[in-house]
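Below is one structure, written out as structure tokens; comments come after it.
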Amino acid sequence: MMDDVKNYDLVVIGGGPAGITAATVASTFGKSVALVDCNQDIGGAGINTGTVPSKTLRETALALSGFKSRNLYGVDLSLRREVTVADFLHHEEHIKDAFHSSITQRLQVLKATIYCGVCAFLDGHTVHVSLCSEAGGKDPSAPGGEIHLRGEKILIATGSSPVRPDIFPFGHGEIYDSDTILNLDRIPKSLVVVGAGVIGAEYGCTFRALGADVHILDGRDVLLPFLDAEVSQALAGAFERSGIVFHWKEKVQKCIPQESGGVRLELSSGATLSGDAVLVAAGRQSNTANLGLEKAGVKTGERGIIPVNEHFQTNIGNIYAAGDVIGFPALASTSAEQARRAAHHAFGLSGSAIFPLLPNGIYTIPEVSMVGETEESLKKKGVAYIVGRANYRDNARGRIIGDQDGFLKLLFRQNDQKLLGVHIMGELATEVVHIGLVAMMCNASANLFADACLNVPTLGMLYKTATLNALQSVPPPEKHA
């Protein structure tokens, strides 16, 4: 074993939202922290390939395609020229650079040590790092060297990568996954999306807003089945009205690049489907294959997912895991929160209460967001409930925005009107959901929104409208003689 071993209170493997958060929390409380990432620009998929780039593309597409001005009389901001993905991601490069600089500076101020390298376990407390260089240009040893790090606690936050089924020849220039789709040199005239999960749905409607003909195929027959069924159906309807074509209960049997350009897919039904480009969104797998987890005794499940308990501990007590590496919901927001809680538990820090409420935000067009129970989950649990709805088109701000399809749906427990679930489809849904989230964290009932005076015109007013709608179904109290 090497003599060069550096000791830390916490060793974090992975520099995405989860790893950065854990390192920040532990460093803030005076713990010595080492963070190891194989990318010189830390930030993980959240900043480098996923959340920030894809949402920047979406937002820029909405602005430059004229989608947001679709209902402004006499205004046409639609694109009049051929554009490339690079045109749309010009702003994204500035955003990424700002994030990289901010994160690195923050960790340096907190005296966390950042190593650029590839990591593997030697035992339950020690990892071997094959170094590239240390972020910030300060090499702890020469690039290409190696070092051992020993941590009292270790957090695995290595994220995930797209699954690449063998049937797709990914070396071909017109077949992409979620890590490579932004390398397109042009906006395709037609795009086939294989997989109707979150990534496929988000990219599908973004490229539709950019004018591409979009086809989405999936072996299931429901869009985003974890959503409340009413919201899932409404979102599928909005997709179809935008021009997206679904091919349900279909699987790709063959993927054949064409010499003249484009790709032809042969489907399980016997039908064929062609497109200028194909995006394969067939799920993701945890980045655990090369970590040497067996040497630490850490167990993994299907697709490399690491099982954890409510404190985000693995089966080995001093080793934690958070973020995409532990599976659903695999969002930047939930990953950071999981890591925060893991760090608090690992060092017995205050403020480590576990709140089971984690909002889910999906950046489709229109946006969808939710927190808490669905109608289906309440029925399964046998909980009696009442429903309140409010439409964007009946809301002053919603009318100004021009959103005809958006709505807010609230689920209250019937006997005491406690708020149990919030579901939104429409403009700014991922922002508006937080009002309901905070109310639920405070165990609020319908009275909170019924009695609140809210600004007009705002989308927040949807909560009052939906609550009053729900209370109409509550029978009045019995009068006693």
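Naming scheme: A, B, ... for chains in displayed order of the structure tokens; residues 1 onward per chain; ligands 1 onward as shown.
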- From the DSSP assignment of the backbone, select every residue of segment 218-366 of chain A that is helix (DSSP H, G or I), and format the answer as a count of residues only. 40
Skip Ile244 of chain A itself and residues of its chain fewer than 2 positions away, then list as a tab-separated table (two decimals) with all heavy atoms, in the first residue's frame all residues within 10 Å of it, counting only C-alpha atoms.
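The resulting result22.tsv:
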```
chain	number	residue	atom	x	y	z
A	204	GLY	N	-38.06	16.02	-26.58
A	204	GLY	CA	-39.02	15.93	-27.67
A	204	GLY	C	-39.77	17.22	-27.89
A	204	GLY	O	-39.86	17.73	-29.02
A	205	CYS	N	-40.30	17.80	-26.81
A	205	CYS	CA	-41.08	19.03	-27.00
A	205	CYS	C	-40.18	20.25	-27.23
A	205	CYS	O	-40.60	21.22	-27.88
A	205	CYS	CB	-42.05	19.26	-25.84
A	205	CYS	SG	-41.35	19.21	-24.24
A	207	PHE	N	-37.40	20.23	-29.13
A	207	PHE	CA	-37.11	20.22	-30.56
A	207	PHE	C	-38.36	20.47	-31.39
A	207	PHE	O	-38.27	21.03	-32.49
A	207	PHE	CB	-36.43	18.91	-30.95
A	207	PHE	CG	-34.96	18.90	-30.67
A	207	PHE	CD1	-34.46	18.37	-29.50
A	207	PHE	CD2	-34.07	19.47	-31.56
A	207	PHE	CE1	-33.10	18.38	-29.22
A	207	PHE	CE2	-32.71	19.50	-31.31
A	207	PHE	CZ	-32.21	18.95	-30.13
A	208	ARG	N	-39.54	20.12	-30.85
A	208	ARG	CA	-40.77	20.46	-31.55
A	208	ARG	C	-40.95	21.97	-31.58
A	208	ARG	O	-41.36	22.54	-32.59
A	208	ARG	CB	-41.98	19.79	-30.87
A	208	ARG	CG	-43.32	20.10	-31.52
A	208	ARG	CD	-43.37	19.59	-32.94
A	208	ARG	NE	-44.47	20.18	-33.69
A	208	ARG	CZ	-44.38	20.67	-34.92
A	208	ARG	NH1	-43.22	20.66	-35.56
A	208	ARG	NH2	-45.43	21.17	-35.52
A	212	ALA	N	-38.90	21.08	-35.44
A	212	ALA	CA	-38.67	19.72	-35.92
A	212	ALA	C	-39.96	18.91	-35.85
A	212	ALA	O	-40.78	19.11	-34.95
A	212	ALA	CB	-37.58	19.04	-35.10
A	213	ASP	N	-40.14	18.00	-36.81
A	213	ASP	CA	-41.21	17.00	-36.71
A	213	ASP	C	-40.74	15.95	-35.72
A	213	ASP	O	-39.67	15.34	-35.91
A	213	ASP	CB	-41.49	16.36	-38.06
A	213	ASP	CG	-42.12	17.33	-39.04
A	213	ASP	OD1	-42.86	18.22	-38.59
A	213	ASP	OD2	-41.86	17.21	-40.25
A	214	VAL	N	-41.51	15.73	-34.66
A	214	VAL	CA	-41.06	14.86	-33.57
A	214	VAL	C	-41.99	13.66	-33.43
A	214	VAL	O	-43.23	13.82	-33.36
A	214	VAL	CB	-40.99	15.62	-32.24
A	214	VAL	CG1	-40.64	14.67	-31.09
A	214	VAL	CG2	-39.95	16.74	-32.32
A	215	HIS	N	-41.41	12.47	-33.38
A	215	HIS	CA	-42.13	11.23	-33.11
A	215	HIS	C	-41.53	10.63	-31.83
A	215	HIS	O	-40.31	10.52	-31.70
A	215	HIS	CB	-41.98	10.24	-34.26
A	215	HIS	CG	-42.67	10.68	-35.52
A	215	HIS	ND1	-43.84	10.11	-35.96
A	215	HIS	CD2	-42.35	11.63	-36.41
A	215	HIS	CE1	-44.21	10.70	-37.08
A	215	HIS	NE2	-43.32	11.63	-37.38
A	216	ILE	N	-42.38	10.25	-30.89
A	216	ILE	CA	-41.93	9.62	-29.64
A	216	ILE	C	-42.52	8.22	-29.59
A	216	ILE	O	-43.74	8.05	-29.71
A	216	ILE	CB	-42.37	10.42	-28.40
A	216	ILE	CG1	-41.77	11.83	-28.43
A	216	ILE	CG2	-41.97	9.69	-27.13
A	216	ILE	CD1	-42.21	12.70	-27.26
A	236	ALA	N	-50.04	14.62	-22.36
A	236	ALA	CA	-50.00	13.92	-23.65
A	236	ALA	C	-50.86	14.65	-24.68
A	236	ALA	O	-50.47	14.78	-25.85
A	236	ALA	CB	-50.48	12.48	-23.48
A	237	GLY	N	-52.02	15.14	-24.24
A	237	GLY	CA	-52.89	15.90	-25.14
A	237	GLY	C	-52.23	17.18	-25.63
A	237	GLY	O	-52.33	17.54	-26.80
A	238	ALA	N	-51.53	17.88	-24.73
A	238	ALA	CA	-50.83	19.11	-25.11
A	238	ALA	C	-49.71	18.81	-26.11
A	238	ALA	O	-49.49	19.56	-27.06
A	238	ALA	CB	-50.26	19.79	-23.86
A	239	PHE	N	-49.01	17.69	-25.90
A	239	PHE	CA	-47.98	17.27	-26.85
A	239	PHE	C	-48.58	17.06	-28.24
A	239	PHE	O	-48.04	17.52	-29.25
A	239	PHE	CB	-47.32	15.97	-26.38
A	239	PHE	CG	-46.21	16.15	-25.38
A	239	PHE	CD1	-46.16	17.23	-24.53
A	239	PHE	CD2	-45.20	15.21	-25.30
A	239	PHE	CE1	-45.14	17.38	-23.60
A	239	PHE	CE2	-44.16	15.35	-24.39
A	239	PHE	CZ	-44.14	16.43	-23.55
A	240	GLU	N	-49.68	16.33	-28.28
A	240	GLU	CA	-50.30	16.01	-29.56
A	240	GLU	C	-50.80	17.27	-30.27
A	240	GLU	O	-50.66	17.39	-31.49
A	240	GLU	CB	-51.44	15.01	-29.35
A	240	GLU	CG	-50.93	13.62	-28.95
A	240	GLU	CD	-52.05	12.67	-28.57
A	240	GLU	OE1	-53.13	13.14	-28.15
A	240	GLU	OE2	-51.84	11.45	-28.67
A	241	ARG	N	-51.34	18.20	-29.51
A	241	ARG	CA	-51.80	19.45	-30.12
A	241	ARG	C	-50.64	20.27	-30.68
A	241	ARG	O	-50.81	21.05	-31.62
A	241	ARG	CB	-52.61	20.27	-29.11
A	241	ARG	CG	-54.00	19.71	-28.84
A	241	ARG	CD	-54.84	20.67	-28.02
A	241	ARG	NE	-54.35	20.83	-26.67
A	241	ARG	CZ	-54.62	20.00	-25.67
A	241	ARG	NH1	-55.36	18.91	-25.88
A	241	ARG	NH2	-54.15	20.22	-24.46
A	242	SER	N	-49.45	20.08	-30.10
A	242	SER	CA	-48.27	20.80	-30.61
A	242	SER	C	-47.73	20.16	-31.88
A	242	SER	O	-46.89	20.75	-32.56
A	242	SER	CB	-47.17	20.84	-29.55
A	242	SER	OG	-46.51	19.58	-29.45
A	246	PHE	N	-47.17	10.27	-31.10
A	246	PHE	CA	-46.80	9.16	-30.22
A	246	PHE	C	-46.97	7.83	-30.95
A	246	PHE	O	-47.90	7.64	-31.73
A	246	PHE	CB	-47.66	9.14	-28.96
A	246	PHE	CG	-47.34	10.22	-27.98
A	246	PHE	CD1	-48.21	11.29	-27.80
A	246	PHE	CD2	-46.19	10.18	-27.22
A	246	PHE	CE1	-47.94	12.30	-26.89
A	246	PHE	CE2	-45.90	11.18	-26.30
A	246	PHE	CZ	-46.77	12.24	-26.14
```
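Remark: for Arg264 of chain A, the closest of the candidate residues A:Leu448, A:Leu191, A:Cys116, A:Ala330 is A:Leu191 (distances computed over only C-alpha atoms).
One distance worth recording is that between atom CA of Val192 of chain A and atom CA of Val278 of chain A, which is 4.8 Å.
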- Message: With DSSP run on the backbone, what are the strand (DSSP E or B) residues within segment 328-470 of chain A? I'd like them as a ChimeraX atom specification.
- Response: /A:360-362,368-372,385-391,407-413,418-425,445
